[in-house]
Amino acid sequence: MGLLPAGFTVPPWPYLVVLAVAVAGVGYGLASRRPAVTARHVLGLAPWIVVGSALHVLYVVESLPAVIAPLAGTGAVYVTVAVIAGGGWLLADAVRPRTVPALLAAGGLAVAVPLVGATIIVGLTQGTLAPVWPAAGAVVAVLLTAAGWATLRRRRPAATAATGWVGLLAVFGHTLDGVSTTVGVDVLGYGERTPLSRVILDAAATLPTADIIGTGWLFILVKIGVVSAVVVLFAEYVDDEPSEGYPLLGVIAAVGLGPGTYNLLLFAITAG
């Protein structure tokens, strides 16, 4: 369990059964139907990553109804959102297959916007809404992503051309995770839940620069460096097998974008 984030929980067995049945059903449906998978489909799932982040924030601040709260725990929320998004994909593909990416994105936004609004309401109600530093972190993440992607385009143009917007999403997601973690650790005094991330932060804390610029800078550099290398490594795979390469690169993007969005939302409604 040392590799899992602090606070990782397994929902009660009735919820596990429901999730298992739902995963089996959606998985069977997708395997049977074999819907088209392109970069646009993967990008259409991006709002659903925000859905998962917002749900988990509401779970952490204990603002979800008790009956659904176990589905939004540290481990379960990924499965819950994947089942909902996958079910929506199947439905959209059966009804209007040519507009699946747009329908996925629209459905995700329709759910994400009120959930994010609900987190903000929690912060307002509790008097702990403090969005300045999280907003600043988001801006810095955008700027660093632009710089990182521009550098990658100059040095590895074939990789950025092959992975396209999905590659850019992956770089942004992990940059956001790195920057948001830095804001939380160095500015707002939060701890880091993921063991591997703590190792990097602890290493930075031993350097002479720790008292001057904090510890998160090393984490940001590592995140950007690793995700840039992944984009380069995935370029040929995406080129040869786009129906497999794009979804896997999308999962990598989600691993960064989900925690990064979660961090900023949580900081915004609790840092006051």
# chains A, B, ... in the order shown; residues from 1 in each chain; ligands from 1
>>> residues_around(residues="Val132 in chain A", least_positions_apart="5", cutoff="12 Å", atoms="only C-alpha atoms", output="PyMOL selection string")
chain A and resi 137-139+183+187-188+264-265+267-272
>>> closest_atom_pairs(of="range 162-239 of chain A", to="range 29-44 of chain A", cutoff="9 Å", atoms="only C-alpha atoms", output="CSV")
residue,atom,partner,partner_atom,distance
A:Thr163,CA,A:Ala39,CA,8.3
A:Gly164,CA,A:Ala39,CA,8.0
A:Trp165,CA,A:Ala39,CA,7.3
A:Val166,CA,A:Ala39,CA,6.3
A:Leu169,CA,A:Leu43,CA,8.1
>>> residues_around(residues="range 112-117 of chain A", least_positions_apart="6", cutoff="12 Å", atoms="only C-alpha atoms", output="ChimeraX atom specification")
/A:45-59,63-64,81,85,104-106,123-124,261-262,264-266,268-269
>>> select_by_dssp(residues="range 33-144 of chain A", states="helix (DSSP H, G or I)", output="PyMOL selection string")
chain A and resi 33+39-44+46-60+69-72+76-95+97-126+132-144
>>> closest_residue(among="A:Gly25, A:Gly173, A:Pro12, A:Gly178", to="Ala254 in chain A", atoms="only C-alpha atoms")
A:Gly173
